[in-house]
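Heads up: the structure comes next, in structure tokens.
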Amino acid sequence: MAVAVLLGGAALAAAWTTRPLPTPSSYEAALPARAPVEVVEGLPQLTARLQAEADAGRFMGAVLVARGDEVLFRQAYGTADVATGAPNQITSRFRLASVSKQFTAAAILKLQDEGKLSIGDPVCQWIQPCPAAWAPIRLSHLLSHTSGIPDLMARPGWGNRRVTPATIDELTDDSGSFGLSFVPGSKLAYNNAGFNLAAAVVEKASGMTFAAYLRSAFFEPLGMADTGFDDDTDLGIVTGHATFPEGLTAQRQPNVSIVAGAGALYSTLDDMLVWEQALHGGHVLKPFSYAQMIADHAPTDEPRQRNGLRRRDWGYGLMANRLGQRVTPAFQDWEIYHTGSWSGFRNLVTWQPDARIAVIVLSNNYHQQPQVLLISQQGMAEALGHPFPTGLAD
């Protein structure tokens with residue numbers, strides 16, 4: 001295990017040649033006290049813009065912006081369920097979709113901190129029976145989308161798989177029945193299946209169910225009482241929607257069981273703020289594991305993003321880039337983030353480490369991806385004191 005960790009550290013140092021590694025002195029001594037959960041509209045430009053968008057039916061969901069210990073903005077808009085007309089609330093529970101991946105990655109790294117595994121471990125050390133083709137795959141490959149295991153949506157029969165409940169063990173068996181798409185570590189392809197396998201490893205290494213480990217390691221210690229593993233029962237989660245030509249339509253078949261490790265959590269604005277402050281403030285992982293989580297693990301020849309923008313960094317369950325380049329007027333601040341989209345939800349949770357700004361946008365309308373990105377960057381820009389973005393860049 002020690003050798004694997006040392007090798008991981010060498011790769012980490014190379015990946016961070018342009019940004020300093022976090023040091024223990026950069027972490028907060030204690031988590032901020034939770035602010036009262038109440039409407040806050042301390043960002044005038046964002047307040048006006050969001051009200052206009054909501055009134056026009058162009059945004060539904062909830063938004064929170066915090067700088068340091070201060071909540072600058074917290075408000076909810078639109079309907080929680082088109083069938084009842086019940087409104088979204090600032091305390092509403094939303095499905096996180098792929099925002100959940102950072103919790104899975106943090107669980108693996110937490111187990112590393114506990115001495116129970118290393119991200120350099122072969123997957124076959126933890127998954128048995130293990131396909132021979134998986135011999136080169138390390139846990140780090142699962143968390144960085146570089147395993148070569150075909151993703152769920154890239155496999156034959158995806159339509160049937162999408163609506164058929166599955167256990168984590170069944171998902172593992174499914175993945176083992178397909179060959180690799182590329183040599184592990186040689187390419188990057190966004191991969192939900194890898195995070196499902198990571199959840200299986202969490203269960204083997206911890207001796208607990210995946211849901212129970214997340215609860216005991218993160219949610220209970222941090223007081224995240226409105227965050228948990230979605231088992232498709234009545235958990236008070238708002239309904240996801242889509243905007244079709246015939247109008248706003250509820251999406252009532254989430255079946256998050258098939259993305260158990262990749263997108264099955266739910267949470268609220270304020271629980272996610274606690275998580276952002278805890279994770280990036282040094283209260284979840286040891287400094288070395290946190291540095292591994294936010295480092296860039298993509299192959300060096302990974303192409304730039306569209307429109308000539310700088311290639312994003314691919315961490316473990318997180319990404320990093322200058323998202324402000326995607327709006328106009330643009331700004332250049334570095335943000336650590338992840339998006340989420342599943343069964344009627346679109347989310348973006350981002351953290352600006354220098355100013356300690358968290359922006360959380362949770363939408364229960366799958367077709368509001370552009371609005372979610374723009375709202376996120378409007379909140380970030382106004383909190384940073386930059387000119388307020390008016391649109392997305394071409």
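The chains in the structure tokens are called A, B, ... from first to last as shown; in each chain the residues are counted from 1, and the ligands are counted from 1 in the order shown.
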Would you list the contacts of range 199-214 of chain A as an MDAnalysis selection string, taking every protein, DNA or RNA residue within 10 Å and counting only C-alpha atoms, but skipping same-chain residues closer than 6 positions in sequence?
-> chainID A and resid 101 103:112 114:117 123:127 139 167:169 171:172 193 220 227:231 259:262 264:265
Write the residues you've just listed into a file as a short mmCIF file (atom, residue, chain, number, x, y, z; two decimals), in the first residue's frame, and include C-alpha atoms for each of them.
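File written: again33.cif
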data_model
loop_
_atom_site.label_atom_id
_atom_site.label_comp_id
_atom_site.auth_asym_id
_atom_site.auth_seq_id
_atom_site.Cartn_x
_atom_site.Cartn_y
_atom_site.Cartn_z
CA LYS A 101 -19.66 11.30 -7.46
CA PHE A 103 -19.02 11.62 -2.13
CA THR A 104 -18.04 8.25 -3.62
CA ALA A 105 -14.54 9.51 -4.34
CA ALA A 106 -14.27 10.99 -0.85
CA ALA A 107 -15.36 7.63 0.62
CA ILE A 108 -12.51 5.82 -1.17
CA LEU A 109 -10.03 8.46 -0.05
CA LYS A 110 -11.40 8.39 3.52
CA LEU A 111 -10.80 4.63 3.59
CA GLN A 112 -7.28 5.34 2.38
CA GLU A 114 -8.07 5.01 7.60
CA GLY A 115 -5.42 2.63 6.23
CA LYS A 116 -7.96 0.23 4.76
CA LEU A 117 -7.00 0.62 1.09
CA VAL A 123 -9.48 -3.35 -8.58
CA CYS A 124 -9.12 -7.14 -8.58
CA GLN A 125 -7.85 -6.95 -5.00
CA TRP A 126 -11.36 -5.88 -4.00
CA ILE A 127 -13.66 -7.33 -6.66
CA LEU A 139 -8.91 2.23 -7.97
CA THR A 167 -28.16 -3.99 -6.72
CA ILE A 168 -24.53 -2.91 -6.53
CA ASP A 169 -23.48 -6.55 -6.95
CA LEU A 171 -24.09 -3.71 -11.49
CA THR A 172 -20.63 -5.16 -10.85
CA ALA A 193 -19.86 2.38 -14.23
CA GLU A 220 -23.92 12.12 10.64
CA THR A 227 -28.74 14.20 2.75
CA GLY A 228 -28.84 10.51 2.01
CA PHE A 229 -28.96 7.61 -0.39
CA ASP A 230 -32.07 7.60 -2.55
CA ASP A 231 -33.78 4.21 -2.49
CA VAL A 259 -26.22 4.78 -10.59
CA ALA A 260 -25.70 3.75 -6.97
CA GLY A 261 -22.15 5.06 -6.73
CA ALA A 262 -22.44 7.58 -9.54
CA ALA A 264 -27.93 8.25 -6.18
CA LEU A 265 -27.76 10.89 -3.44
#
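Residues of range 295-378 of chain A assigned to alpha helix (DSSP H) by DSSP on this structure's backbone: Gln369, Pro370, Gln371, Val372, Leu373, Leu374, Ile375, Ser376, Gln377 and Gln378 of chain A.
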What does the file look like for those residues with N, CA and C atoms, as a short mmCIF file (atom, residue, chain, number, x, y, z; two decimals), in the first residue's frame?
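Resulting contents of result-v4.cif:
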data_model
loop_
_atom_site.label_atom_id
_atom_site.label_comp_id
_atom_site.auth_asym_id
_atom_site.auth_seq_id
_atom_site.Cartn_x
_atom_site.Cartn_y
_atom_site.Cartn_z
N GLN A 369 -30.25 23.28 -18.43
CA GLN A 369 -28.79 23.25 -18.30
C GLN A 369 -28.15 24.61 -18.57
N PRO A 370 -28.49 25.32 -19.67
CA PRO A 370 -27.85 26.62 -19.88
C PRO A 370 -28.13 27.62 -18.76
N GLN A 371 -29.38 27.62 -18.28
CA GLN A 371 -29.72 28.54 -17.19
C GLN A 371 -28.93 28.22 -15.93
N VAL A 372 -28.76 26.93 -15.62
CA VAL A 372 -28.03 26.53 -14.42
C VAL A 372 -26.59 27.02 -14.48
N LEU A 373 -25.94 26.85 -15.63
CA LEU A 373 -24.56 27.32 -15.78
C LEU A 373 -24.50 28.84 -15.63
N LEU A 374 -25.37 29.55 -16.33
CA LEU A 374 -25.32 31.01 -16.27
C LEU A 374 -25.62 31.52 -14.86
N ILE A 375 -26.64 30.97 -14.21
CA ILE A 375 -26.97 31.39 -12.85
C ILE A 375 -25.78 31.17 -11.92
N SER A 376 -25.14 30.01 -12.04
CA SER A 376 -23.99 29.70 -11.20
C SER A 376 -22.90 30.76 -11.36
N GLN A 377 -22.61 31.12 -12.59
CA GLN A 377 -21.52 32.06 -12.83
C GLN A 377 -21.93 33.50 -12.55
N GLN A 378 -23.21 33.79 -12.64
CA GLN A 378 -23.67 35.12 -12.21
C GLN A 378 -23.51 35.26 -10.70
#
For CA of Gly194 in chain A and CA of Pro129 in chain A, determine how far apart the two atoms are, in Å to one decimal place.
-> 16.5 Å
Long-range neighbours of range 144-150 of chain A as a PyMOL selection string, 12 Å cut-off, only C-alpha atoms, 6 positions minimum in chain = chain A and resi 101-102+104-105+119+122-123+131+133-138+156+158+172+174-198+262+292-299+302+313-319
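The smallest atom-to-atom distance between Asp234 in chain A and any of A:Gly379, A:Arg67, A:Arg93, A:Met60, using only C-alpha atoms, is found for A:Arg93.
Between CA of Ala250 in chain A and CA of Met272 in chain A the interatomic distance comes to 24.4 Å.
Atom pair CA of Ser343 in chain A / CA of Ala242 in chain A has a distance of 8.5 Å (rounded to one decimal).
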Which residues come within 8 Å of Arg74 in chain A, counting only C-alpha atoms, excluding same-chain residues fewer than 4 positions away, as an NGL selection string?
-> :A and (38-41 or 62-65 or 90)
Expected file: the selected residues, C-alpha atoms, as a CSV table (one decimal), in the first residue's frame:
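So again22.csv came out as:
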chain,number,residue,atom,x,y,z
A,38,GLU,CA,-34.0,31.7,5.8
A,39,VAL,CA,-34.4,33.6,2.6
A,40,VAL,CA,-31.4,35.8,1.9
A,41,GLU,CA,-31.2,38.2,-1.1
A,62,ALA,CA,-33.1,26.6,-5.6
A,63,VAL,CA,-29.9,28.7,-5.4
A,64,LEU,CA,-27.4,29.4,-2.6
A,65,VAL,CA,-24.3,31.6,-2.6
A,90,ILE,CA,-35.2,26.7,0.4
Any chance you could list, as a count of residues only, the residues in range 173-316 of chain A that come up strand (DSSP E or B) when DSSP is run on the backbone?
-> 18
Range 42-47 of chain A: which residues within 6 Å, counting only C-alpha atoms, same-chain residues fewer than 2 positions away excluded, as a VMD selection string?
-> chain A and resid 40 49 to 50 72 to 73
Selection to disk with N, CA and C atoms, as a compact mmCIF listing (two decimals), in the first residue's frame:
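To be explicit, this is the file written out as part.txt:
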# COMPACT_ATOMS: atom_id res chain seq x y z
N VAL A 40 -32.36 34.76 1.88
CA VAL A 40 -31.35 35.82 1.89
C VAL A 40 -31.21 36.31 0.46
N ARG A 49 -32.33 39.14 -11.46
CA ARG A 49 -32.29 38.27 -12.63
C ARG A 49 -33.06 36.99 -12.38
N LEU A 50 -32.88 36.37 -11.22
CA LEU A 50 -33.56 35.12 -10.94
C LEU A 50 -35.07 35.30 -10.84
N LEU A 72 -24.75 34.77 1.24
CA LEU A 72 -25.08 35.99 0.52
C LEU A 72 -26.43 35.90 -0.18
N PHE A 73 -26.83 34.68 -0.50
CA PHE A 73 -28.06 34.50 -1.26
C PHE A 73 -28.61 33.10 -0.99
